[in-house]
Amino acid sequence: MKFRCERDPLVEALNAASRAVTTRGSSLPVLSGLRLELHGDQLQVTGSDLDLTISVRAAVSGDADGVAVVPAKLLSDIVRALPPGAVTVEIDDDEARIGSGRSQFAVRTIPAHEYPQLPEPAESSVSLDAGAFAEALRQVVAAASNDESRPILTGVLMAAEGDGLRLVATDSYRLAVRDLPGTSVLAEGQQVLVPSTALRELSRLLSSAEAVTLRLGERDVAFEVDDVRVTSRLIEGDFPNYRGLIPNAHPNRLTVGREQLLEALRRVRLLAREATPVRLVLKADSVELLAITQDVGQAHEELDAKHDGDELTVAFNPEYLIAGIDVTPGDEITLETIDALKPALIRGVDTPEFLYLLMPVRVS
Amino acid sequence: MRLVIARCSVDYDGRLSAHLPLATRLIMVKADGCVAVHADGGAYKPLNWMNAPNRLTEEEGRWVVTNPKGETLTITLDEVLHDSAHELGVDPGLQKDGVEAHLQELLAADPCSIVEGLKLVRREWPTDIGPVDLLCRDAEGVAVAIEVKRRGEIDGVEQLVRYLERLELDPTLRPVRGIFVAQVIKPQAKVLAEARGIACVEVDYDELRGIESNVLKLF
């Protein structure tokens with residue numbers, strides 16, 4: 001294999017594919033490498049940990065086709081460190097030679113035949129608006145769990161809902177639900193559970209894209225954005241019955257400016273240390289925020305707000321509360337609750353397509 | 001323990017200078033010589049203090065505490081409101097909650113809280129390199145060796161690997177699988193356990209004790 005290309009696009013391709021390369025010890029040492037495949041002037045760079053695969057196409061000036069596996073970190077570090085300009089890569093049986101100007105590197109390769117056969121994405125595809133999908137992912141993915149001992153909760157549920165798509169994630173402390181009306185991706189009643197790690201990687205690619213193509217297989221899903229394909233295994237198992245968690249009616253409803261509440265929470269949080277919750281005292285015309293950390297101090301702030309219901313004090317994990325309000329759309333939000341120990345529902349006024357359900361923290 | 005409540009001001013002179021203006025405070029003089037000045041607030045930390053060993057010199061309206069480094073704590077007494085001394089005896093020390101032994105005891109009483117279907121064979125099952133915390137049988141009758149830690153780190157996994165090697169030598173037990181149980185297991189320990197074929201389970205100590213957590217869950 002031999003090709004030549006500019007340093008910066010090669011660095012981008014290597015970096016993107018490297019994000020799927022396993023950093024932990026793997027039973028397959030070959031997965032610590034990037035698979036390079038050259039056909040004509042088209043280079044495909046692939047990194048995988050078998051659960052997540054990222055494959056990037058890059059246009060190069062190809063001299064000789066071929067396939068090779070090169071240690072991922074070393075290759076990325078070398079190319080990144082080269083001076084700007086053209087880079088030449090030449091790979092024979094067991095050595096990759098990388099050069100630019102007067103800099104020359106020779107790196108031992110990993111036998112390419114050891115690289116596992118990765119599943120081919122499904123042929124049928126659906127195209128989604130990248131901006132809307134990116135916004136939906138931003139709202140939902142953060143609510144997924146990082147606890148690998150509960151794999152179901154590390155996924156984001158993608159389900160057909162009416163004529164659109166619904167994304168749902170929960171870590172058992174909070175639940176985020178986002179509807180994308182009119183986005184027909186799945187058949188009626190169909191739902192899949194996509195690892196949040198894959199969707200986080202996808203989110204990084206969507207900021208500058210116009211469309212994302214989704215290919216859904218039986219056991220995996222692929223997202224294509226421009227020259228990058230992110231493929232992930234689907235999580236098998238039943239997602240919790242989240243619909244039953246959302247109360248139908250709330251006797252207490254606070255309406256408050258979103259930005260004002262967010263800024264006040266960020267200030268008050270400074271004194272909510274060591275897992276101390278932030279208390280919200282819901283009053284008729286205001287909401288008081290209070291954080292007290294023993295032996296450190298306390299913070300208090302009052303905001304104008306409209307509250308329908310009884311005066312009530314309810315406490316939340318400040319990080320989860322801020323994260324939810326931050327992704328809730330609109331200038332004004334509502335916080336609806338039954339009492340201090342029941343889940344609170346946060347929504348934007350007049351934006352029914354997103355909701356965030358958050359469990360309070362018990363305080364004396 | 002001598003307890004003095006007094007209107008006093010305090011000056012510390014040492015690595016830095018600090019001054020506490022006149023106010024009513026509690027001065028504690030402990031049997032080992034420690035002197036601590038407390039306000040009526042804060043859970044545990046004195047406003048100023050001098051650790052033992054030191055020398056307390058009492059003068060009329062003034063105490064001077066000096067330590068071997070030459071640092072001084074000068075307490076100027078304006079009015080003494082209370083002065084008493086009490087014999088506290090030898091302190092038995094702090095018994096920390098959540099110790100491994102209690103965790104092991106709770107898990108032995110309810111092995112299903114680790115994995116459904118587990119039945120306890122014996123606590124502290126002896127091997128020739130030391131006892132394994134719990135030996136159980138799973139629903140299929142397979143022997144399961146369980147190592148219990150408060151914090152799950154690599155050395156705990158390695159300890160369980162050594163026990164498993166010894167238990168595998170016993171024809172009445174083998175095959176034996178391992179479960180590493182802790183309140184929190186570090187990522188490196190999880191990786192090592194996975195590589196050694198050992199399952200990791202994190203348990204909630206409060207839940208095992210039947211204590212309701214303040215952190216509420218949706219499900």
# chains A, B, ... in the order shown; residues from 1 in each chain; ligands from 1
>>> interface_residues(of="chain A", to="chain B", cutoff="8 Å", atoms="only C-alpha atoms", output="PyMOL selection string")
chain A and resi 24-25+149+172-174+245+294-295+341+343+358-363
>>> select_by_dssp(residues="stretch 29-231 of chain A", states="helix (DSSP H, G or I)", output="PyMOL selection string")
chain A and resi 29-32+72-81+112-114+130-143+151-154+196-206
>>> closest_residue(among="A:Leu52, A:Val60, A:Ile292, A:Leu335", to="A:Ser196", atoms="only C-alpha atoms")
A:Leu52
>>> residues_around(residues="stretch 223-232 of chain A", least_positions_apart="6", cutoff="6 Å", atoms="only C-alpha atoms", output="PyMOL selection string")
chain A and resi 51-57+212-214
>>> select_by_dssp(residues="stretch 6-127 of chain A", states="strand (DSSP E)", output="PyMOL selection string")
chain A and resi 6+33-39+42-48+52-59+61-64+66-71+86-91+95-100+103-108+126-127
>>> write_last_selection(atoms="N, CA and C atoms", output="compact mmCIF listing (two decimals), in the first residue's frame")
# COMPACT_ATOMS: atom_id res chain seq x y z
N GLU A 6 -2.40 15.31 2.23
CA GLU A 6 -2.05 16.41 3.12
C GLU A 6 -2.14 15.93 4.57
N GLY A 33 -5.08 -1.40 16.91
CA GLY A 33 -4.62 -0.78 15.68
C GLY A 33 -5.74 -0.18 14.85
N LEU A 34 -5.35 0.64 13.90
CA LEU A 34 -6.29 1.17 12.91
C LEU A 34 -6.12 0.36 11.62
N ARG A 35 -7.24 -0.01 11.03
CA ARG A 35 -7.19 -0.75 9.77
C ARG A 35 -7.24 0.25 8.62
N LEU A 36 -6.23 0.23 7.77
CA LEU A 36 -6.18 1.12 6.62
C LEU A 36 -6.43 0.28 5.37
N GLU A 37 -7.36 0.74 4.52
CA GLU A 37 -7.64 0.02 3.28
C GLU A 37 -7.65 1.04 2.15
N LEU A 38 -6.82 0.81 1.16
CA LEU A 38 -6.70 1.75 0.05
C LEU A 38 -7.21 1.11 -1.24
N HIS A 39 -8.15 1.83 -1.89
CA HIS A 39 -8.63 1.43 -3.22
C HIS A 39 -8.53 2.66 -4.09
N GLN A 42 -9.03 6.27 -2.72
CA GLN A 42 -9.92 6.29 -1.55
C GLN A 42 -9.31 5.48 -0.41
N LEU A 43 -9.02 6.18 0.68
CA LEU A 43 -8.47 5.50 1.86
C LEU A 43 -9.59 5.34 2.89
N GLN A 44 -9.74 4.15 3.44
CA GLN A 44 -10.71 3.94 4.52
C GLN A 44 -9.96 3.58 5.79
N VAL A 45 -10.20 4.37 6.83
CA VAL A 45 -9.54 4.14 8.11
C VAL A 45 -10.60 3.66 9.10
N THR A 46 -10.34 2.52 9.75
CA THR A 46 -11.35 1.94 10.65
C THR A 46 -10.73 1.64 12.02
N GLY A 47 -11.46 2.05 13.05
CA GLY A 47 -11.11 1.67 14.42
C GLY A 47 -12.31 1.00 15.05
N SER A 48 -12.07 0.02 15.92
CA SER A 48 -13.21 -0.70 16.50
C SER A 48 -12.82 -1.34 17.83
N LEU A 52 -18.28 -0.78 19.22
CA LEU A 52 -18.37 0.48 18.48
C LEU A 52 -17.31 0.47 17.39
N THR A 53 -17.72 0.83 16.18
CA THR A 53 -16.77 0.90 15.06
C THR A 53 -16.92 2.27 14.39
N ILE A 54 -15.79 2.94 14.17
CA ILE A 54 -15.84 4.20 13.44
C ILE A 54 -14.95 4.05 12.21
N SER A 55 -15.56 4.33 11.07
CA SER A 55 -14.86 4.17 9.80
C SER A 55 -14.91 5.50 9.05
N VAL A 56 -13.76 5.94 8.56
CA VAL A 56 -13.66 7.26 7.93
C VAL A 56 -13.08 7.10 6.53
N ARG A 57 -13.69 7.77 5.53
CA ARG A 57 -13.15 7.77 4.18
C ARG A 57 -12.38 9.05 3.96
N ALA A 58 -11.23 8.95 3.33
CA ALA A 58 -10.44 10.15 3.04
C ALA A 58 -9.91 10.06 1.62
N ALA A 59 -9.92 11.20 0.93
CA ALA A 59 -9.40 11.23 -0.44
C ALA A 59 -7.88 11.42 -0.38
N SER A 61 -3.95 10.55 -2.68
CA SER A 61 -3.38 10.24 -3.98
C SER A 61 -2.76 8.85 -3.88
N GLY A 62 -3.49 7.84 -4.37
CA GLY A 62 -3.07 6.46 -4.17
C GLY A 62 -2.09 5.98 -5.23
N ASP A 63 -1.07 5.22 -4.80
CA ASP A 63 -0.10 4.65 -5.72
C ASP A 63 -0.24 3.13 -5.82
N ALA A 64 -0.55 2.49 -4.67
CA ALA A 64 -0.68 1.03 -4.66
C ALA A 64 -1.73 0.64 -3.62
N GLY A 66 -4.05 -1.67 -1.04
CA GLY A 66 -3.64 -2.65 -0.03
C GLY A 66 -4.41 -2.46 1.27
N VAL A 67 -4.16 -3.39 2.18
CA VAL A 67 -4.79 -3.37 3.50
C VAL A 67 -3.70 -3.56 4.55
N ALA A 68 -3.78 -2.78 5.64
CA ALA A 68 -2.79 -2.93 6.72
C ALA A 68 -3.41 -2.49 8.03
N VAL A 69 -2.82 -2.98 9.12
CA VAL A 69 -3.24 -2.53 10.45
C VAL A 69 -2.01 -1.95 11.15
N VAL A 70 -2.15 -0.70 11.61
CA VAL A 70 -1.02 0.03 12.21
C VAL A 70 -1.42 0.45 13.62
N PRO A 71 -0.50 0.36 14.61
CA PRO A 71 -0.85 0.79 15.97
C PRO A 71 -1.47 2.19 15.95
N ALA A 86 2.52 17.71 2.66
CA ALA A 86 2.21 16.37 2.17
C ALA A 86 2.87 15.29 3.04
N VAL A 87 2.12 14.21 3.25
CA VAL A 87 2.61 13.05 4.01
C VAL A 87 2.59 11.85 3.08
N THR A 88 3.63 11.07 3.10
CA THR A 88 3.67 9.85 2.31
C THR A 88 3.63 8.64 3.25
N VAL A 89 2.74 7.70 2.95
CA VAL A 89 2.64 6.47 3.75
C VAL A 89 2.86 5.29 2.82
N GLU A 90 3.81 4.45 3.17
CA GLU A 90 4.11 3.27 2.37
C GLU A 90 4.17 2.07 3.32
N ILE A 91 3.36 1.05 3.03
CA ILE A 91 3.28 -0.09 3.95
C ILE A 91 3.53 -1.36 3.15
N GLU A 95 5.94 -3.49 7.88
CA GLU A 95 6.44 -2.19 8.29
C GLU A 95 5.69 -1.07 7.56
N ALA A 96 5.36 -0.03 8.32
CA ALA A 96 4.75 1.16 7.72
C ALA A 96 5.77 2.29 7.80
N ARG A 97 6.02 2.90 6.65
CA ARG A 97 6.97 4.03 6.62
C ARG A 97 6.17 5.31 6.36
N ILE A 98 6.33 6.24 7.30
CA ILE A 98 5.55 7.47 7.23
C ILE A 98 6.56 8.61 7.11
N GLY A 99 6.39 9.47 6.13
CA GLY A 99 7.38 10.52 5.95
C GLY A 99 6.76 11.82 5.49
N SER A 100 7.45 12.89 5.85
CA SER A 100 7.06 14.22 5.37
C SER A 100 8.32 15.06 5.39
N SER A 103 11.46 14.25 7.64
CA SER A 103 11.09 13.37 8.76
C SER A 103 10.65 12.02 8.22
N GLN A 104 11.23 10.96 8.74
CA GLN A 104 10.88 9.61 8.30
C GLN A 104 10.68 8.72 9.52
N PHE A 105 9.60 7.96 9.53
CA PHE A 105 9.32 7.02 10.62
C PHE A 105 9.07 5.64 10.02
N ALA A 106 9.50 4.63 10.74
CA ALA A 106 9.19 3.26 10.35
C ALA A 106 8.54 2.58 11.56
N VAL A 107 7.36 2.00 11.36
CA VAL A 107 6.60 1.42 12.46
C VAL A 107 6.21 0.00 12.10
N ARG A 108 6.38 -0.92 13.05
CA ARG A 108 5.96 -2.31 12.81
C ARG A 108 4.44 -2.37 12.72
N VAL A 126 -32.36 5.49 6.01
CA VAL A 126 -33.27 6.62 6.20
C VAL A 126 -32.42 7.84 6.47
N SER A 127 -32.81 8.96 5.90
CA SER A 127 -32.03 10.18 6.11
C SER A 127 -32.74 11.09 7.11
>>> residues_around(residues="B:Ile129", least_positions_apart="5", cutoff="10 Å", atoms="only C-alpha atoms", output="ChimeraX atom specification")
/B:159,162-163,166
>>> residues_around(residues="A:Leu357", least_positions_apart="5", cutoff="10 Å", atoms="only C-alpha atoms", output="NGL selection string")
(:A and (143 or 170 or 173-177 or 245-247 or 321 or 324 or 335-337 or 343-347)) or (:B and (218))
>>> write_last_selection(atoms="N, CA, C and O atoms", output="JSON list (two decimals), in the first residue's frame")
[["chain", "number", "residue", "atom", "x", "y", "z"],
["A", 143, "ALA", "N", -28.83, 11.85, 29.99],
["A", 143, "ALA", "CA", -29.62, 11.19, 31.04],
["A", 143, "ALA", "C", -29.38, 9.69, 31.09],
["A", 143, "ALA", "O", -29.85, 9.01, 32.00],
["A", 170, "THR", "N", -32.68, 7.08, 30.58],
["A", 170, "THR", "CA", -32.84, 7.24, 32.03],
["A", 170, "THR", "C", -31.68, 6.55, 32.75],
["A", 170, "THR", "O", -31.18, 5.52, 32.29],
["A", 173, "TYR", "N", -32.43, 8.00, 38.06],
["A", 173, "TYR", "CA", -32.63, 9.21, 38.86],
["A", 173, "TYR", "C", -33.39, 10.27, 38.05],
["A", 173, "TYR", "O", -34.03, 11.14, 38.59],
["A", 174, "ARG", "N", -33.24, 10.20, 36.73],
["A", 174, "ARG", "CA", -33.88, 11.16, 35.84],
["A", 174, "ARG", "C", -34.23, 10.45, 34.54],
["A", 174, "ARG", "O", -33.66, 9.39, 34.22],
["A", 175, "LEU", "N", -35.12, 11.08, 33.82],
["A", 175, "LEU", "CA", -35.60, 10.51, 32.57],
["A", 175, "LEU", "C", -35.76, 11.65, 31.58],
["A", 175, "LEU", "O", -36.36, 12.67, 31.91],
["A", 176, "ALA", "N", -35.21, 11.49, 30.39],
["A", 176, "ALA", "CA", -35.37, 12.50, 29.35],
["A", 176, "ALA", "C", -36.09, 11.88, 28.16],
["A", 176, "ALA", "O", -35.75, 10.77, 27.74],
["A", 177, "VAL", "N", -37.10, 12.57, 27.66],
["A", 177, "VAL", "CA", -37.88, 12.07, 26.53],
["A", 177, "VAL", "C", -37.96, 13.16, 25.48],
["A", 177, "VAL", "O", -38.34, 14.30, 25.79],
["A", 245, "LEU", "N", -43.94, 6.00, 34.60],
["A", 245, "LEU", "CA", -43.26, 6.85, 35.58],
["A", 245, "LEU", "C", -43.73, 8.31, 35.51],
["A", 245, "LEU", "O", -43.51, 9.08, 36.44],
["A", 246, "ILE", "N", -44.33, 8.68, 34.41],
["A", 246, "ILE", "CA", -44.70, 10.08, 34.20],
["A", 246, "ILE", "C", -46.11, 10.30, 34.74],
["A", 246, "ILE", "O", -47.08, 9.77, 34.21],
["A", 247, "PRO", "N", -46.21, 11.08, 35.83],
["A", 247, "PRO", "CA", -47.54, 11.30, 36.42],
["A", 247, "PRO", "C", -48.46, 12.05, 35.44],
["A", 247, "PRO", "O", -48.00, 12.85, 34.62],
["A", 321, "LEU", "N", -30.41, 18.76, 38.06],
["A", 321, "LEU", "CA", -31.41, 19.81, 37.82],
["A", 321, "LEU", "C", -30.90, 20.77, 36.75],
["A", 321, "LEU", "O", -31.63, 21.11, 35.80],
["A", 324, "GLY", "N", -30.90, 19.23, 33.27],
["A", 324, "GLY", "CA", -32.24, 19.13, 32.68],
["A", 324, "GLY", "C", -32.74, 20.47, 32.17],
["A", 324, "GLY", "O", -33.28, 20.56, 31.06],
["A", 335, "LEU", "N", -42.01, 23.68, 36.20],
["A", 335, "LEU", "CA", -41.58, 22.56, 37.05],
["A", 335, "LEU", "C", -42.83, 22.12, 37.79],
["A", 335, "LEU", "O", -43.39, 22.86, 38.59],
["A", 336, "GLU", "N", -43.28, 20.92, 37.47],
["A", 336, "GLU", "CA", -44.53, 20.42, 38.05],
["A", 336, "GLU", "C", -44.23, 19.26, 38.99],
["A", 336, "GLU", "O", -43.41, 18.40, 38.66],
["A", 337, "THR", "N", -44.89, 19.28, 40.15],
["A", 337, "THR", "CA", -44.64, 18.19, 41.09],
["A", 337, "THR", "C", -45.87, 17.92, 41.94],
["A", 337, "THR", "O", -46.77, 18.76, 42.07],
["A", 343, "PRO", "N", -41.52, 12.40, 41.67],
["A", 343, "PRO", "CA", -40.75, 12.98, 40.56],
["A", 343, "PRO", "C", -41.31, 14.31, 40.08],
["A", 343, "PRO", "O", -42.53, 14.50, 40.04],
["A", 344, "ALA", "N", -40.41, 15.21, 39.74],
["A", 344, "ALA", "CA", -40.81, 16.52, 39.22],
["A", 344, "ALA", "C", -40.63, 16.52, 37.70],
["A", 344, "ALA", "O", -39.67, 15.96, 37.18],
["A", 345, "LEU", "N", -41.57, 17.15, 37.03],
["A", 345, "LEU", "CA", -41.57, 17.18, 35.57],
["A", 345, "LEU", "C", -41.17, 18.57, 35.09],
["A", 345, "LEU", "O", -41.81, 19.56, 35.45],
["A", 346, "ILE", "N", -40.12, 18.63, 34.30],
["A", 346, "ILE", "CA", -39.65, 19.91, 33.78],
["A", 346, "ILE", "C", -39.92, 19.95, 32.28],
["A", 346, "ILE", "O", -39.55, 19.02, 31.55],
["A", 347, "ARG", "N", -40.57, 21.01, 31.86],
["A", 347, "ARG", "CA", -40.88, 21.17, 30.43],
["A", 347, "ARG", "C", -40.76, 22.63, 30.05],
["A", 347, "ARG", "O", -40.89, 23.51, 30.91],
["B", 218, "LEU", "N", -36.36, 6.74, 40.39],
["B", 218, "LEU", "CA", -37.61, 6.61, 39.64],
["B", 218, "LEU", "C", -38.13, 5.18, 39.67],
["B", 218, "LEU", "O", -39.32, 4.92, 39.66]]
>>> atom_distance(atom1="atom CA of B:His38", atom2="atom CA of B:Ile75")
12.3 Å
>>> residues_around(residues="B:Val144", least_positions_apart="2", cutoff="12 Å", atoms="only C-alpha atoms", output="PDB file with N, CA and C atoms, in the first residue's frame")
ATOM      1  N   PRO B 111     -27.394 -13.809  50.459  1.00  0.00           N
ATOM      2  CA  PRO B 111     -26.512 -13.898  49.275  1.00  0.00           C
ATOM      3  C   PRO B 111     -27.220 -13.545  47.969  1.00  0.00           C
ATOM      4  N   ILE B 114     -26.485 -10.446  46.100  1.00  0.00           N
ATOM      5  CA  ILE B 114     -25.327 -10.392  45.194  1.00  0.00           C
ATOM      6  C   ILE B 114     -25.772 -10.876  43.814  1.00  0.00           C
ATOM      7  N   VAL B 115     -26.233 -12.087  43.776  1.00  0.00           N
ATOM      8  CA  VAL B 115     -26.763 -12.672  42.530  1.00  0.00           C
ATOM      9  C   VAL B 115     -27.942 -13.554  42.910  1.00  0.00           C
ATOM     10  N   GLY B 117     -30.351 -16.469  43.347  1.00  0.00           N
ATOM     11  CA  GLY B 117     -30.178 -17.915  43.345  1.00  0.00           C
ATOM     12  C   GLY B 117     -28.999 -18.426  44.152  1.00  0.00           C
ATOM     13  N   LEU B 118     -28.175 -17.510  44.694  1.00  0.00           N
ATOM     14  CA  LEU B 118     -27.009 -17.958  45.475  1.00  0.00           C
ATOM     15  C   LEU B 118     -27.445 -18.487  46.839  1.00  0.00           C
ATOM     16  N   LYS B 119     -26.776 -19.561  47.262  1.00  0.00           N
ATOM     17  CA  LYS B 119     -27.020 -20.095  48.611  1.00  0.00           C
ATOM     18  C   LYS B 119     -25.687 -20.190  49.338  1.00  0.00           C
ATOM     19  N   LEU B 120     -25.683 -19.757  50.578  1.00  0.00           N
ATOM     20  CA  LEU B 120     -24.433 -19.745  51.343  1.00  0.00           C
ATOM     21  C   LEU B 120     -24.051 -21.165  51.768  1.00  0.00           C
ATOM     22  N   VAL B 121     -22.786 -21.513  51.523  1.00  0.00           N
ATOM     23  CA  VAL B 121     -22.262 -22.776  52.049  1.00  0.00           C
ATOM     24  C   VAL B 121     -21.590 -22.494  53.393  1.00  0.00           C
ATOM     25  N   ARG B 122     -20.729 -21.475  53.394  1.00  0.00           N
ATOM     26  CA  ARG B 122     -20.039 -21.146  54.642  1.00  0.00           C
ATOM     27  C   ARG B 122     -19.361 -19.785  54.527  1.00  0.00           C
ATOM     28  N   ARG B 123     -19.356 -19.064  55.633  1.00  0.00           N
ATOM     29  CA  ARG B 123     -18.530 -17.849  55.707  1.00  0.00           C
ATOM     30  C   ARG B 123     -17.115 -18.266  56.057  1.00  0.00           C
ATOM     31  N   TRP B 125     -14.589 -19.546  54.368  1.00  0.00           N
ATOM     32  CA  TRP B 125     -14.211 -20.912  53.923  1.00  0.00           C
ATOM     33  C   TRP B 125     -12.683 -21.005  53.903  1.00  0.00           C
ATOM     34  N   VAL B 132     -11.514 -17.610  52.349  1.00  0.00           N
ATOM     35  CA  VAL B 132     -12.263 -16.797  51.395  1.00  0.00           C
ATOM     36  C   VAL B 132     -13.540 -16.341  52.120  1.00  0.00           C
ATOM     37  N   ASP B 133     -13.951 -15.089  51.857  1.00  0.00           N
ATOM     38  CA  ASP B 133     -15.027 -14.489  52.661  1.00  0.00           C
ATOM     39  C   ASP B 133     -16.313 -15.323  52.673  1.00  0.00           C
ATOM     40  N   LEU B 134     -16.814 -15.639  51.475  1.00  0.00           N
ATOM     41  CA  LEU B 134     -18.053 -16.422  51.400  1.00  0.00           C
ATOM     42  C   LEU B 134     -17.883 -17.517  50.356  1.00  0.00           C
ATOM     43  N   LEU B 135     -18.337 -18.695  50.683  1.00  0.00           N
ATOM     44  CA  LEU B 135     -18.430 -19.732  49.660  1.00  0.00           C
ATOM     45  C   LEU B 135     -19.906 -20.065  49.492  1.00  0.00           C
ATOM     46  N   CYS B 136     -20.385 -19.967  48.259  1.00  0.00           N
ATOM     47  CA  CYS B 136     -21.800 -20.198  47.975  1.00  0.00           C
ATOM     48  C   CYS B 136     -21.939 -21.224  46.864  1.00  0.00           C
ATOM     49  N   ARG B 137     -23.168 -21.607  46.605  1.00  0.00           N
ATOM     50  CA  ARG B 137     -23.509 -22.408  45.416  1.00  0.00           C
ATOM     51  C   ARG B 137     -24.561 -21.609  44.654  1.00  0.00           C
ATOM     52  N   ASP B 138     -24.412 -21.588  43.330  1.00  0.00           N
ATOM     53  CA  ASP B 138     -25.417 -20.864  42.554  1.00  0.00           C
ATOM     54  C   ASP B 138     -26.598 -21.777  42.243  1.00  0.00           C
ATOM     55  N   ALA B 139     -27.549 -21.258  41.471  1.00  0.00           N
ATOM     56  CA  ALA B 139     -28.782 -22.009  41.219  1.00  0.00           C
ATOM     57  C   ALA B 139     -28.512 -23.343  40.534  1.00  0.00           C
ATOM     58  N   GLU B 140     -27.395 -23.420  39.790  1.00  0.00           N
ATOM     59  CA  GLU B 140     -27.044 -24.682  39.112  1.00  0.00           C
ATOM     60  C   GLU B 140     -26.159 -25.569  39.990  1.00  0.00           C
ATOM     61  N   GLY B 141     -25.877 -25.113  41.198  1.00  0.00           N
ATOM     62  CA  GLY B 141     -25.056 -25.910  42.106  1.00  0.00           C
ATOM     63  C   GLY B 141     -23.571 -25.689  41.967  1.00  0.00           C
ATOM     64  N   VAL B 142     -23.169 -24.737  41.131  1.00  0.00           N
ATOM     65  CA  VAL B 142     -21.741 -24.460  40.934  1.00  0.00           C
ATOM     66  C   VAL B 142     -21.205 -23.664  42.127  1.00  0.00           C
ATOM     67  N   ILE B 146     -16.623 -15.776  46.940  1.00  0.00           N
ATOM     68  CA  ILE B 146     -16.944 -14.345  46.940  1.00  0.00           C
ATOM     69  C   ILE B 146     -15.990 -13.610  47.879  1.00  0.00           C
ATOM     70  N   GLU B 147     -15.335 -12.600  47.335  1.00  0.00           N
ATOM     71  CA  GLU B 147     -14.466 -11.757  48.144  1.00  0.00           C
ATOM     72  C   GLU B 147     -15.180 -10.422  48.349  1.00  0.00           C
ATOM     73  N   LEU B 160      -8.623 -12.662  45.293  1.00  0.00           N
ATOM     74  CA  LEU B 160      -9.648 -13.634  44.915  1.00  0.00           C
ATOM     75  C   LEU B 160      -9.104 -14.630  43.876  1.00  0.00           C
ATOM     76  N   TYR B 163      -7.270 -17.243  45.760  1.00  0.00           N
ATOM     77  CA  TYR B 163      -8.193 -18.174  46.423  1.00  0.00           C
ATOM     78  C   TYR B 163      -8.790 -19.158  45.413  1.00  0.00           C
ATOM     79  N   LEU B 164      -9.173 -18.637  44.252  1.00  0.00           N
ATOM     80  CA  LEU B 164      -9.795 -19.496  43.232  1.00  0.00           C
ATOM     81  C   LEU B 164      -8.836 -20.594  42.797  1.00  0.00           C
ATOM     82  N   LEU B 167      -8.963 -23.180  45.519  1.00  0.00           N
ATOM     83  CA  LEU B 167     -10.248 -23.887  45.579  1.00  0.00           C
ATOM     84  C   LEU B 167     -10.419 -24.852  44.406  1.00  0.00           C
ATOM     85  N   GLU B 168      -9.843 -24.481  43.256  1.00  0.00           N
ATOM     86  CA  GLU B 168      -9.938 -25.342  42.078  1.00  0.00           C
ATOM     87  C   GLU B 168      -9.240 -26.681  42.301  1.00  0.00           C
ATOM     88  N   LEU B 173     -15.229 -29.219  44.904  1.00  0.00           N
ATOM     89  CA  LEU B 173     -15.706 -27.858  44.607  1.00  0.00           C
ATOM     90  C   LEU B 173     -15.648 -27.521  43.129  1.00  0.00           C
ATOM     91  N   ARG B 174     -14.552 -27.900  42.458  1.00  0.00           N
ATOM     92  CA  ARG B 174     -14.343 -27.390  41.111  1.00  0.00           C
ATOM     93  C   ARG B 174     -15.434 -27.871  40.141  1.00  0.00           C
ATOM     94  N   PRO B 175     -15.837 -27.017  39.187  1.00  0.00           N
ATOM     95  CA  PRO B 175     -15.265 -25.700  38.898  1.00  0.00           C
ATOM     96  C   PRO B 175     -15.801 -24.647  39.878  1.00  0.00           C
ATOM     97  N   VAL B 176     -14.957 -23.665  40.165  1.00  0.00           N
ATOM     98  CA  VAL B 176     -15.352 -22.600  41.086  1.00  0.00           C
ATOM     99  C   VAL B 176     -15.290 -21.274  40.332  1.00  0.00           C
ATOM    100  N   ARG B 177     -16.375 -20.532  40.385  1.00  0.00           N
ATOM    101  CA  ARG B 177     -16.308 -19.207  39.779  1.00  0.00           C
ATOM    102  C   ARG B 177     -16.208 -18.161  40.872  1.00  0.00           C
ATOM    103  N   GLY B 178     -15.739 -16.977  40.503  1.00  0.00           N
ATOM    104  CA  GLY B 178     -15.490 -15.941  41.500  1.00  0.00           C
ATOM    105  C   GLY B 178     -16.377 -14.736  41.286  1.00  0.00           C
ATOM    106  N   ILE B 179     -16.770 -14.123  42.420  1.00  0.00           N
ATOM    107  CA  ILE B 179     -17.503 -12.842  42.354  1.00  0.00           C
ATOM    108  C   ILE B 179     -16.805 -11.877  43.311  1.00  0.00           C
ATOM    109  N   PHE B 180     -16.487 -10.703  42.803  1.00  0.00           N
ATOM    110  CA  PHE B 180     -15.824  -9.668  43.599  1.00  0.00           C
ATOM    111  C   PHE B 180     -16.899  -8.648  43.976  1.00  0.00           C
ATOM    112  N   ILE B 198     -13.787 -13.060  36.397  1.00  0.00           N
ATOM    113  CA  ILE B 198     -14.456 -12.859  37.685  1.00  0.00           C
ATOM    114  C   ILE B 198     -15.533 -11.786  37.515  1.00  0.00           C
ATOM    115  N   ALA B 199     -16.709 -12.066  38.056  1.00  0.00           N
ATOM    116  CA  ALA B 199     -17.795 -11.085  37.965  1.00  0.00           C
ATOM    117  C   ALA B 199     -17.628 -10.033  39.060  1.00  0.00           C
TER     118      ALA B 199
END
>>> closest_residue(among="B:Asp32, B:Asp155, B:Thr76, B:Trp63", to="B:Gly89", atoms="only C-alpha atoms")
B:Asp32
>>> closest_residue(among="A:Arg253, A:Arg233, A:Arg4, A:Arg19", to="A:His307", atoms="only C-alpha atoms")
A:Arg253
